[in-house]
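S.K.: My structure is stored as final-v3.txt, with compact mmCIF, C-alpha atoms.
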```txt
# COMPACT_ATOMS: atom_id res chain seq x y z
CA MET A 1 20.63 -17.66 4.48
CA ASP A 2 19.28 -15.64 7.36
CA THR A 3 16.13 -17.50 8.40
CA ALA A 4 15.20 -15.07 11.20
CA VAL A 5 12.33 -13.64 9.15
CA HIS A 6 11.12 -17.07 8.03
CA SER A 7 10.87 -18.55 11.50
CA ARG A 8 8.85 -15.68 12.92
CA SER A 9 5.33 -16.52 14.04
CA THR A 10 2.28 -15.30 12.10
CA ARG A 11 0.64 -14.29 15.38
CA THR A 12 1.90 -10.68 15.40
CA PRO A 13 0.80 -9.87 11.82
CA LEU A 14 -2.60 -11.45 12.53
CA ILE A 15 -2.99 -9.18 15.57
CA PHE A 16 -2.16 -6.18 13.37
CA LEU A 17 -4.67 -7.33 10.73
CA GLY A 18 -7.40 -7.94 13.33
CA LEU A 19 -6.90 -4.57 15.01
CA GLY A 20 -6.70 -2.86 11.62
CA ALA A 21 -9.94 -4.47 10.43
CA LEU A 22 -11.81 -3.51 13.63
CA LEU A 23 -10.53 0.08 13.49
CA PHE A 24 -11.35 0.29 9.76
CA VAL A 25 -14.96 -0.77 10.38
CA PHE A 26 -15.27 1.72 13.28
CA GLY A 27 -13.59 4.62 11.44
CA SER A 28 -15.61 3.99 8.27
CA TRP A 29 -18.86 3.79 10.23
CA TRP A 30 -18.01 7.13 11.89
CA GLY A 31 -17.05 8.70 8.56
CA LEU A 32 -20.13 7.40 6.74
CA PHE A 33 -22.84 7.89 9.35
CA ILE A 34 -21.67 10.21 12.16
CA ALA A 35 -19.45 12.87 10.53
CA PRO A 36 -21.33 15.66 8.75
CA ALA A 37 -21.41 15.99 4.96
CA GLU A 38 -19.01 18.59 3.55
CA GLN A 39 -20.46 21.97 2.57
CA TYR A 40 -19.71 21.86 -1.18
CA MET A 41 -19.07 18.22 -2.08
CA GLY A 42 -21.86 16.83 0.09
CA ASP A 43 -21.74 13.11 0.87
CA VAL A 44 -19.13 12.38 -1.84
CA GLN A 45 -16.51 13.93 0.46
CA ARG A 46 -16.89 10.84 2.72
CA ILE A 47 -14.55 9.08 0.25
CA MET A 48 -11.84 11.15 1.97
CA TYR A 49 -11.91 8.82 5.02
CA VAL A 50 -10.69 5.93 2.90
CA HIS A 51 -8.73 7.76 0.17
CA VAL A 52 -6.50 9.94 2.35
CA PRO A 53 -5.49 7.12 4.79
CA THR A 54 -4.65 4.95 1.76
CA ALA A 55 -2.52 7.78 0.33
CA TRP A 56 -0.63 8.46 3.58
CA ASN A 57 0.12 4.79 4.15
CA TRP A 58 1.02 4.17 0.51
CA MET A 59 3.71 6.86 0.90
CA LEU A 60 4.97 5.11 4.06
CA GLY A 61 5.04 1.80 2.15
CA VAL A 62 7.13 3.34 -0.65
CA ILE A 63 9.52 4.88 1.92
CA PHE A 64 9.86 1.48 3.63
CA ALA A 65 10.60 -0.22 0.28
CA PHE A 66 13.26 2.45 -0.37
CA ILE A 67 14.84 1.86 3.08
CA CYS A 68 14.85 -1.93 2.51
CA ALA A 69 16.51 -1.48 -0.90
CA ILE A 70 19.24 0.74 0.59
CA ALA A 71 19.71 -1.66 3.53
CA TYR A 72 20.07 -4.65 1.17
CA LEU A 73 22.65 -2.91 -0.98
CA ILE A 74 24.64 -1.97 2.15
CA ASN A 75 24.62 -5.27 4.05
CA GLY A 76 23.39 -7.87 1.50
CA LYS A 77 21.21 -9.67 4.05
CA PRO A 78 18.33 -11.59 2.38
CA LYS A 79 15.86 -10.47 5.07
CA TRP A 80 16.00 -6.95 3.59
CA ASP A 81 15.32 -8.35 0.12
CA ALA A 82 12.28 -10.22 1.50
CA ARG A 83 11.04 -7.04 3.19
CA MET A 84 11.55 -5.08 -0.03
CA GLU A 85 9.62 -7.65 -2.07
CA ALA A 86 6.78 -7.46 0.46
CA SER A 87 6.64 -3.66 0.65
CA VAL A 88 6.82 -3.22 -3.14
CA GLU A 89 3.85 -5.56 -3.60
CA VAL A 90 1.77 -3.98 -0.80
CA ALA A 91 2.63 -0.46 -2.02
CA SER A 92 1.51 -1.48 -5.53
CA LEU A 93 -1.84 -2.65 -4.16
CA PHE A 94 -2.25 0.63 -2.26
CA ALA A 95 -1.31 2.69 -5.35
CA LEU A 96 -3.88 0.81 -7.42
CA LEU A 97 -6.54 1.41 -4.76
CA LEU A 98 -5.51 5.06 -4.58
CA CYS A 99 -6.05 5.48 -8.34
CA ILE A 100 -9.43 3.69 -8.21
CA GLN A 101 -10.68 5.65 -5.17
CA GLY A 102 -9.45 8.88 -6.78
CA SER A 103 -11.28 8.08 -10.03
CA VAL A 104 -14.49 7.31 -8.14
CA TRP A 105 -14.16 10.64 -6.31
CA ALA A 106 -13.13 12.55 -9.47
CA LYS A 107 -16.18 11.58 -11.54
CA PRO A 108 -18.83 13.41 -9.46
CA THR A 109 -16.56 16.35 -8.50
CA TRP A 110 -14.38 16.96 -11.60
CA GLY A 111 -16.74 15.39 -14.15
CA VAL A 112 -14.15 12.87 -15.39
CA TRP A 113 -12.88 9.48 -14.20
CA TRP A 114 -9.27 10.39 -14.94
CA ASP A 115 -7.21 13.44 -15.79
CA TRP A 116 -3.51 13.63 -16.66
CA ASP A 117 -3.05 15.99 -13.75
CA PRO A 118 0.51 16.00 -12.24
CA ARG A 119 -0.58 14.31 -8.98
CA LEU A 120 -2.51 11.52 -10.68
CA THR A 121 0.12 11.03 -13.36
CA SER A 122 3.02 10.83 -10.88
CA VAL A 123 1.14 8.25 -8.77
CA ALA A 124 0.41 6.20 -11.90
CA VAL A 125 4.09 6.37 -12.91
CA LEU A 126 5.14 4.99 -9.51
CA LEU A 127 2.46 2.28 -9.68
CA PHE A 128 3.72 1.08 -13.08
CA ALA A 129 7.35 1.31 -11.93
CA PHE A 130 6.56 -0.92 -8.93
CA LEU A 131 4.61 -3.36 -11.15
CA GLY A 132 7.71 -3.48 -13.35
CA ILE A 133 9.84 -4.36 -10.31
CA ILE A 134 7.42 -7.19 -9.42
CA ALA A 135 7.71 -8.46 -13.02
CA LEU A 136 11.52 -8.19 -12.85
CA ARG A 137 11.54 -10.26 -9.65
CA ASN A 138 9.47 -12.95 -11.34
CA PHE A 139 11.76 -13.16 -14.38
CA VAL A 140 15.19 -13.23 -12.71
CA GLU A 141 16.00 -16.65 -11.24
CA ASP A 142 19.32 -15.88 -9.55
CA PRO A 143 18.35 -14.63 -6.05
CA VAL A 144 21.39 -12.33 -5.65
CA LYS A 145 21.04 -10.70 -9.08
CA ARG A 146 17.30 -10.38 -8.50
CA ALA A 147 17.82 -8.67 -5.15
CA VAL A 148 20.48 -6.24 -6.44
CA TRP A 149 18.60 -5.31 -9.62
CA SER A 150 15.28 -4.83 -7.87
CA SER A 151 16.95 -2.80 -5.08
CA VAL A 152 18.43 -0.44 -7.65
CA ALA A 153 15.09 -0.25 -9.50
CA THR A 154 13.22 0.46 -6.24
CA ILE A 155 15.62 3.29 -5.36
CA ILE A 156 15.23 4.83 -8.84
CA ALA A 157 11.42 4.44 -8.76
CA SER A 158 11.20 6.00 -5.28
CA VAL A 159 12.62 9.24 -6.65
CA ASP A 160 9.07 9.80 -7.95
CA LEU A 161 7.66 9.98 -4.39
CA PRO A 162 8.78 13.57 -3.64
CA ILE A 163 7.37 14.51 -7.08
CA VAL A 164 4.02 12.98 -6.05
CA TYR A 165 4.07 14.88 -2.75
CA PHE A 166 5.08 18.28 -4.12
CA SER A 167 3.23 18.03 -7.46
CA VAL A 168 0.21 19.90 -6.09
CA LYS A 169 2.48 22.73 -4.89
CA TRP A 170 4.77 22.91 -7.93
CA TRP A 171 2.11 22.85 -10.64
CA ASN A 172 -1.33 24.40 -11.01
CA SER A 173 -3.13 21.11 -10.46
CA LEU A 174 -6.74 19.92 -10.52
CA HIS A 175 -5.97 17.91 -7.39
CA GLN A 176 -6.28 19.92 -4.22
CA GLN A 177 -3.23 20.76 -2.09
CA GLN A 178 -2.40 18.78 1.06
CA SER A 179 -4.85 19.48 3.85
CA THR A 180 -3.68 20.26 7.38
CA PRO A 181 -5.59 20.05 10.68
CA GLN A 182 -6.04 23.84 10.35
CA THR A 183 -7.70 23.57 6.92
CA VAL A 184 -9.96 20.58 7.69
CA SER A 185 -13.03 20.94 9.90
CA SER A 186 -12.49 19.38 13.34
CA ALA A 187 -15.62 17.24 12.77
CA PHE A 188 -13.64 15.34 10.10
CA HIS A 189 -10.48 14.77 12.19
CA LEU A 190 -11.48 11.73 14.25
CA PRO A 191 -12.72 9.33 11.49
CA LEU A 192 -9.77 10.38 9.33
CA ARG A 193 -7.26 9.57 12.10
CA ILE A 194 -8.98 6.31 13.08
CA ASN A 195 -8.90 5.09 9.47
CA ALA A 196 -5.30 6.28 9.03
CA LEU A 197 -4.32 4.11 12.03
CA ALA A 198 -6.49 1.24 10.73
CA VAL A 199 -4.86 1.26 7.30
CA LEU A 200 -1.41 1.55 8.94
CA PHE A 201 -2.14 -1.61 10.98
CA LEU A 202 -3.47 -3.42 7.90
CA MET A 203 -0.43 -2.44 5.84
CA THR A 204 1.94 -3.52 8.64
CA GLY A 205 0.20 -6.90 8.88
CA PHE A 206 0.27 -7.34 5.10
CA ILE A 207 3.98 -6.50 4.86
CA MET A 208 4.88 -8.82 7.77
CA LEU A 209 2.97 -11.76 6.28
CA ARG A 210 4.24 -11.14 2.74
CA THR A 211 7.80 -10.89 4.08
CA ARG A 212 7.35 -14.34 5.60
CA VAL A 213 6.24 -15.74 2.25
CA ALA A 214 9.17 -14.07 0.42
CA ALA A 215 11.68 -15.25 3.03
CA ALA A 216 10.43 -18.84 2.72
CA ARG A 217 10.98 -18.76 -1.06
CA LEU A 218 14.48 -17.31 -0.55
CA SER A 219 15.29 -20.04 1.99
CA GLU A 220 14.33 -22.72 -0.55
CA GLU A 221 16.29 -21.06 -3.37
CA MET A 222 19.45 -20.58 -1.33
CA ALA A 223 19.42 -23.95 0.41
CA PRO A 224 22.33 -26.25 -0.56
CA PRO A 225 21.39 -28.95 -3.13
CA PRO A 226 20.43 -32.32 -1.58
CA MET A 227 23.03 -35.10 -1.50
CA VAL A 228 22.33 -37.58 -4.33
CA PRO A 229 23.55 -41.17 -3.76
CA GLY A 230 25.70 -42.55 -6.59
CA PRO A 231 25.21 -45.95 -8.33
CA ALA A 232 27.25 -47.76 -5.65
CA GLY A 233 25.38 -46.03 -2.86
CA GLU A 234 28.11 -43.46 -2.07
CA LEU A 235 27.10 -39.81 -1.80
CA ALA A 236 28.02 -37.65 -4.79
CA MET B 237 -28.54 16.06 1.16
CA THR B 238 -26.27 19.06 1.53
CA GLY B 239 -23.60 20.37 -0.82
CA VAL B 240 -23.32 21.29 -4.47
CA VAL B 241 -22.45 17.77 -5.73
CA THR B 242 -25.53 15.55 -5.76
CA GLY B 243 -26.08 11.80 -5.91
CA GLY B 244 -22.89 11.02 -4.04
CA TRP B 245 -23.77 7.88 -2.08
CA GLY B 246 -23.29 5.47 -5.00
CA TYR B 247 -19.72 6.70 -5.46
CA VAL B 248 -19.05 6.55 -1.72
CA ILE B 249 -20.31 2.95 -1.47
CA ALA B 250 -18.27 1.98 -4.55
CA ALA B 251 -15.04 3.42 -3.07
CA TYR B 252 -15.52 1.71 0.31
CA ALA B 253 -16.66 -1.60 -1.22
CA ILE B 254 -13.70 -1.82 -3.64
CA THR B 255 -11.20 -0.96 -0.90
CA SER B 256 -12.69 -3.37 1.68
CA LEU B 257 -12.92 -6.18 -0.87
CA ALA B 258 -9.32 -5.65 -1.99
CA PHE B 259 -8.06 -5.71 1.63
CA LEU B 260 -10.13 -8.82 2.37
CA ILE B 261 -9.07 -10.81 -0.71
CA TYR B 262 -5.40 -9.84 -0.36
CA GLY B 263 -5.39 -10.47 3.41
CA VAL B 264 -7.06 -13.89 3.19
CA GLY B 265 -4.71 -14.89 0.35
CA LEU B 266 -1.67 -13.88 2.38
CA ILE B 267 -2.88 -15.68 5.51
CA ARG B 268 -3.36 -18.88 3.46
CA ARG B 269 0.09 -18.60 1.85
CA ALA B 270 1.77 -17.93 5.20
CA GLY B 271 -0.18 -20.82 6.73
CA GLN B 272 1.09 -23.20 4.05
CA ILE B 273 4.68 -22.23 4.97
CA SER B 274 4.09 -23.05 8.64
CA ARG B 275 2.96 -26.60 7.78
```
Represent the structure contained in this file as structure tokens.
M.R.:
Amino acid sequence: MDTAVHSRSTRTPLIFLGLGALLFVFGSWWGLFIAPAEQYMGDVQRIMYVHVPTAWNWMLGVIFAFICAIAYLINGKPKWDARMEASVEVASLFALLLCIQGSVWAKPTWGVWWDWDPRLTSVAVLLFAFLGIIALRNFVEDPVKRAVWSSVATIIASVDLPIVYFSVKWWNSLHQQQSTPQTVSSAFHLPLRINALAVLFLMTGFIMLRTRVAAARLSEEMAPPPMVPGPAGELA
Amino acid sequence: MTGVVTGGWGYVIAAYAITSLAFLIYGVGLIRRAGQISR
């Protein structure tokens, strides 16, 4: 068992979490109280400063889980399995938040909490696929089978990510197309970028800490069984 | 208040509160679990 991940200090992830939290407070304060309200959506558009950074980083989390799954299948090192377990869980949390934030934004602007629009549906599909992978990991006791099966499942589930990204281009969708710096007012750039960096730091800290927890469980599972003394005192 | 959509602040506060609370609960839980490993 490679214990390199397990023995790593929690100091670095805590620094990431601390920096992320500070930046998130600053970026949110800027987005809520300094940046102007949008012309048509008014103050509701301020949800963008938390929704869009969550979406960008969720995509990065899914890509990282995909890379970990490929890496595990290639080299079989448990540290990649631990990283995959961590990134799948964190990406699931981000996908859930994405759906909730989107619903809260959809109600005042679209008039509904949810719509089976291609973007929303494809995100929900990936969320449930990742929740299924978490369930699979909890049911399979053999660590090697668990790692291989969940790697394959993560790779298959990640195929949905390009569909999520291009859904607003491929289909006539309720959800708006991706914005670019050219299509977003410059007054909105700074809080959006600060919160994007904040959520990136938070996600990095979460994945590092969760990897540590997963690696510790793997170390226990793959440790050799303890020597049991026989009736005459000799080791079995 | 500017814009066509009115009454937006309640939704804005809800989105930020849910997100912040989720990050906080998940983060604190992870820190505790990682701390238990160290001991």
S.K.: Taking 5 positions as the minimum chain separation for residues in the same chain, which residues sit within 10 Å of segment 248-255 of chain B when counting only C-alpha atoms? Answer as a PDB file with C-alpha atoms, in the coordinates of the input.
M.R.:
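In the end it all went to around.pdb:
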```pdb
ATOM      1  CA  SER A  28     -15.610   3.990   8.270  1.00  0.00           C
ATOM      2  CA  LEU A  32     -20.130   7.400   6.740  1.00  0.00           C
ATOM      3  CA  ASP A  43     -21.740  13.110   0.870  1.00  0.00           C
ATOM      4  CA  VAL A  44     -19.130  12.380  -1.840  1.00  0.00           C
ATOM      5  CA  GLN A  45     -16.510  13.930   0.460  1.00  0.00           C
ATOM      6  CA  ARG A  46     -16.890  10.840   2.720  1.00  0.00           C
ATOM      7  CA  ILE A  47     -14.550   9.080   0.250  1.00  0.00           C
ATOM      8  CA  MET A  48     -11.840  11.150   1.970  1.00  0.00           C
ATOM      9  CA  TYR A  49     -11.910   8.820   5.020  1.00  0.00           C
ATOM     10  CA  VAL A  50     -10.690   5.930   2.900  1.00  0.00           C
ATOM     11  CA  HIS A  51      -8.730   7.760   0.170  1.00  0.00           C
ATOM     12  CA  THR A  54      -4.650   4.950   1.760  1.00  0.00           C
ATOM     13  CA  PHE A  94      -2.250   0.630  -2.260  1.00  0.00           C
ATOM     14  CA  LEU A  96      -3.880   0.810  -7.420  1.00  0.00           C
ATOM     15  CA  LEU A  97      -6.540   1.410  -4.760  1.00  0.00           C
ATOM     16  CA  LEU A  98      -5.510   5.060  -4.580  1.00  0.00           C
ATOM     17  CA  ILE A 100      -9.430   3.690  -8.210  1.00  0.00           C
ATOM     18  CA  GLN A 101     -10.680   5.650  -5.170  1.00  0.00           C
ATOM     19  CA  GLY A 102      -9.450   8.880  -6.780  1.00  0.00           C
ATOM     20  CA  SER A 103     -11.280   8.080 -10.030  1.00  0.00           C
ATOM     21  CA  VAL A 104     -14.490   7.310  -8.140  1.00  0.00           C
ATOM     22  CA  TRP A 105     -14.160  10.640  -6.310  1.00  0.00           C
TER      23      TRP A 105
ATOM     24  CA  GLY B 243     -26.080  11.800  -5.910  1.00  0.00           C
ATOM     25  CA  LEU B 260     -10.130  -8.820   2.370  1.00  0.00           C
TER      26      LEU B 260
END
```
S.K.: Atom CA of Ala37 of chain A and atom CA of Gly244 of chain B, how far apart in Å?
M.R.: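 Pair atom CA of Gly244 of chain B / atom CA of Ala37 of chain A returns 10.4 Å.
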S.K.: For atom CA of Trp114 of chain A and atom CA of Leu60 of chain A, determine how far apart the two atoms are, in Å to one decimal place.
M.R.: 24.3 Å
S.K.: Could you tell me how far atom CA of Met84 of chain A lies from atom CA of Phe24 of chain A, in Å and to one decimal?
M.R.: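 Going from atom CA of Met84 of chain A over to atom CA of Phe24 of chain A covers 25.5 Å.
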S.K.: Nearest to chain B: which of A:Leu136, A:Ala86, A:Ile70, A:Ala157 is it, counting only C-alpha atoms?
M.R.: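 That would be A:Ala86, the residue with the smallest distance to chain B.
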S.K.: Give the answer as one residue: which of A:Met208, A:Leu161, A:Ile156, A:Val88 has the shortest atom-to-atom distance to Ala270 of chain B, using all atoms listed in the file?
M.R.: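 Going through A:Met208, A:Leu161, A:Ile156, A:Val88 one by one, the smallest distance to Ala270 of chain B is for A:Met208.
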S.K.: Which residues come within 12 Å of Arg268 of chain B, counting only C-alpha atoms, excluding same-chain residues fewer than 2 positions away, as a PyMOL selection string?
M.R.: (chain A and resi 10+14+209-210+212-213) or (chain B and resi 261-266+270-275)
S.K.: Name the closest residue to chain B among the candidates A:Trp149, A:Phe206, A:Phe188, A:Trp116; distances are taken between atoms, counting all atoms listed in the file.
M.R.: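 The shortest atom-to-atom distance to chain B comes from A:Phe206.
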S.K.: Which residues come within 12 Å of Lys77 of chain A, counting only C-alpha atoms, excluding same-chain residues fewer than 2 positions away, as a tab-separated table (two decimals) with C-alpha atoms, keeping the file's coordinate frame?
M.R.:
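Wrote part.tsv, looks like this:
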```
chain	number	residue	atom	x	y	z
A	1	MET	CA	20.63	-17.66	4.48
A	2	ASP	CA	19.28	-15.64	7.36
A	3	THR	CA	16.13	-17.50	8.40
A	4	ALA	CA	15.20	-15.07	11.20
A	5	VAL	CA	12.33	-13.64	9.15
A	68	CYS	CA	14.85	-1.93	2.51
A	69	ALA	CA	16.51	-1.48	-0.90
A	70	ILE	CA	19.24	0.74	0.59
A	71	ALA	CA	19.71	-1.66	3.53
A	72	TYR	CA	20.07	-4.65	1.17
A	73	LEU	CA	22.65	-2.91	-0.98
A	74	ILE	CA	24.64	-1.97	2.15
A	75	ASN	CA	24.62	-5.27	4.05
A	79	LYS	CA	15.86	-10.47	5.07
A	80	TRP	CA	16.00	-6.95	3.59
A	81	ASP	CA	15.32	-8.35	0.12
A	82	ALA	CA	12.28	-10.22	1.50
A	83	ARG	CA	11.04	-7.04	3.19
A	84	MET	CA	11.55	-5.08	-0.03
A	143	PRO	CA	18.35	-14.63	-6.05
A	144	VAL	CA	21.39	-12.33	-5.65
A	147	ALA	CA	17.82	-8.67	-5.15
A	148	VAL	CA	20.48	-6.24	-6.44
A	215	ALA	CA	11.68	-15.25	3.03
A	218	LEU	CA	14.48	-17.31	-0.55
```
S.K.: Once you count all atoms listed in the file, which residues end up no further than 10 Å from (7.5, 5.6, -13.2) in the file's frame, shown as a list in words?
M.R.: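 Counting all atoms listed in the file, I find these residues within 10 Å of (7.5, 5.6, -13.2): Thr121, Ser122, Val123, Ala124, Val125, Leu126, Leu127, Phe128, Ala129, Phe130, Leu131, Gly132, Ile156, Ala157, Ser158, Val159, Asp160 and Leu161 of chain A.
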S.K.: Output C-alpha atoms for every residue in the selection just made, as a short mmCIF file (atom, residue, chain, number, x, y, z; two decimals), in the frame of the given file.
M.R.:
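And here's again_24.cif as it stands now:
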```cif
data_model
loop_
_atom_site.label_atom_id
_atom_site.label_comp_id
_atom_site.auth_asym_id
_atom_site.auth_seq_id
_atom_site.Cartn_x
_atom_site.Cartn_y
_atom_site.Cartn_z
CA THR A 121 0.12 11.03 -13.36
CA SER A 122 3.02 10.83 -10.88
CA VAL A 123 1.14 8.25 -8.77
CA ALA A 124 0.41 6.20 -11.90
CA VAL A 125 4.09 6.37 -12.91
CA LEU A 126 5.14 4.99 -9.51
CA LEU A 127 2.46 2.28 -9.68
CA PHE A 128 3.72 1.08 -13.08
CA ALA A 129 7.35 1.31 -11.93
CA PHE A 130 6.56 -0.92 -8.93
CA LEU A 131 4.61 -3.36 -11.15
CA GLY A 132 7.71 -3.48 -13.35
CA ILE A 156 15.23 4.83 -8.84
CA ALA A 157 11.42 4.44 -8.76
CA SER A 158 11.20 6.00 -5.28
CA VAL A 159 12.62 9.24 -6.65
CA ASP A 160 9.07 9.80 -7.95
CA LEU A 161 7.66 9.98 -4.39
#
```
S.K.: Of the residues A:Arg119, A:His175, A:Arg193, A:Lys107, which is the one nearest to chain B, using only C-alpha atoms?
M.R.: A:Lys107
S.K.: Write only N, CA, C and O atoms for segment 256-271 of chain B from the block just shown, as a PDB file, in the first residue's frame.
M.R.:
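Below is the file out-v2.pdb, written as the result:
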```pdb
ATOM      1  N   SER B 256     -22.876  28.685   1.331  1.00  0.00           N
ATOM      2  CA  SER B 256     -21.923  28.906   2.433  1.00  0.00           C
ATOM      3  C   SER B 256     -22.090  27.837   3.504  1.00  0.00           C
ATOM      4  O   SER B 256     -21.104  27.307   4.033  1.00  0.00           O
ATOM      5  N   LEU B 257     -23.356  27.529   3.828  1.00  0.00           N
ATOM      6  CA  LEU B 257     -23.626  26.527   4.861  1.00  0.00           C
ATOM      7  C   LEU B 257     -23.114  25.150   4.433  1.00  0.00           C
ATOM      8  O   LEU B 257     -22.520  24.421   5.236  1.00  0.00           O
ATOM      9  N   ALA B 258     -23.330  24.813   3.171  1.00  0.00           N
ATOM     10  CA  ALA B 258     -22.866  23.509   2.666  1.00  0.00           C
ATOM     11  C   ALA B 258     -21.342  23.423   2.744  1.00  0.00           C
ATOM     12  O   ALA B 258     -20.785  22.419   3.199  1.00  0.00           O
ATOM     13  N   PHE B 259     -20.652  24.487   2.313  1.00  0.00           N
ATOM     14  CA  PHE B 259     -19.177  24.505   2.379  1.00  0.00           C
ATOM     15  C   PHE B 259     -18.718  24.376   3.831  1.00  0.00           C
ATOM     16  O   PHE B 259     -17.774  23.640   4.134  1.00  0.00           O
ATOM     17  N   LEU B 260     -19.381  25.107   4.720  1.00  0.00           N
ATOM     18  CA  LEU B 260     -18.983  25.113   6.132  1.00  0.00           C
ATOM     19  C   LEU B 260     -19.168  23.733   6.768  1.00  0.00           C
ATOM     20  O   LEU B 260     -18.243  23.196   7.399  1.00  0.00           O
ATOM     21  N   ILE B 261     -20.357  23.155   6.586  1.00  0.00           N
ATOM     22  CA  ILE B 261     -20.646  21.850   7.210  1.00  0.00           C
ATOM     23  C   ILE B 261     -19.714  20.777   6.646  1.00  0.00           C
ATOM     24  O   ILE B 261     -19.111  19.997   7.386  1.00  0.00           O
ATOM     25  N   TYR B 262     -19.561  20.763   5.311  1.00  0.00           N
ATOM     26  CA  TYR B 262     -18.700  19.752   4.685  1.00  0.00           C
ATOM     27  C   TYR B 262     -17.235  19.942   5.115  1.00  0.00           C
ATOM     28  O   TYR B 262     -16.537  18.979   5.452  1.00  0.00           O
ATOM     29  N   GLY B 263     -16.787  21.194   5.129  1.00  0.00           N
ATOM     30  CA  GLY B 263     -15.399  21.506   5.497  1.00  0.00           C
ATOM     31  C   GLY B 263     -15.094  21.117   6.933  1.00  0.00           C
ATOM     32  O   GLY B 263     -14.085  20.461   7.204  1.00  0.00           O
ATOM     33  N   VAL B 264     -15.971  21.494   7.857  1.00  0.00           N
ATOM     34  CA  VAL B 264     -15.752  21.171   9.275  1.00  0.00           C
ATOM     35  C   VAL B 264     -15.760  19.649   9.473  1.00  0.00           C
ATOM     36  O   VAL B 264     -14.918  19.091  10.181  1.00  0.00           O
ATOM     37  N   GLY B 265     -16.694  18.974   8.806  1.00  0.00           N
ATOM     38  CA  GLY B 265     -16.762  17.510   8.895  1.00  0.00           C
ATOM     39  C   GLY B 265     -15.477  16.860   8.408  1.00  0.00           C
ATOM     40  O   GLY B 265     -14.947  15.948   9.051  1.00  0.00           O
ATOM     41  N   LEU B 266     -14.961  17.354   7.290  1.00  0.00           N
ATOM     42  CA  LEU B 266     -13.723  16.789   6.738  1.00  0.00           C
ATOM     43  C   LEU B 266     -12.531  17.047   7.653  1.00  0.00           C
ATOM     44  O   LEU B 266     -11.688  16.160   7.854  1.00  0.00           O
ATOM     45  N   ILE B 267     -12.459  18.260   8.205  1.00  0.00           N
ATOM     46  CA  ILE B 267     -11.338  18.603   9.097  1.00  0.00           C
ATOM     47  C   ILE B 267     -11.352  17.677  10.318  1.00  0.00           C
ATOM     48  O   ILE B 267     -10.320  17.175  10.756  1.00  0.00           O
ATOM     49  N   ARG B 268     -12.564  17.417  10.850  1.00  0.00           N
ATOM     50  CA  ARG B 268     -12.683  16.512  12.012  1.00  0.00           C
ATOM     51  C   ARG B 268     -12.234  15.105  11.651  1.00  0.00           C
ATOM     52  O   ARG B 268     -11.506  14.461  12.400  1.00  0.00           O
ATOM     53  N   ARG B 269     -12.706  14.615  10.489  1.00  0.00           N
ATOM     54  CA  ARG B 269     -12.357  13.246  10.076  1.00  0.00           C
ATOM     55  C   ARG B 269     -10.854  13.114   9.837  1.00  0.00           C
ATOM     56  O   ARG B 269     -10.230  12.133  10.245  1.00  0.00           O
ATOM     57  N   ALA B 270     -10.272  14.127   9.190  1.00  0.00           N
ATOM     58  CA  ALA B 270      -8.823  14.084   8.934  1.00  0.00           C
ATOM     59  C   ALA B 270      -8.044  14.199  10.240  1.00  0.00           C
ATOM     60  O   ALA B 270      -6.990  13.588  10.396  1.00  0.00           O
ATOM     61  N   GLY B 271      -8.587  14.968  11.192  1.00  0.00           N
ATOM     62  CA  GLY B 271      -7.943  15.119  12.496  1.00  0.00           C
ATOM     63  C   GLY B 271      -7.928  13.811  13.271  1.00  0.00           C
ATOM     64  O   GLY B 271      -6.961  13.499  13.959  1.00  0.00           O
TER      65      GLY B 271
END
```
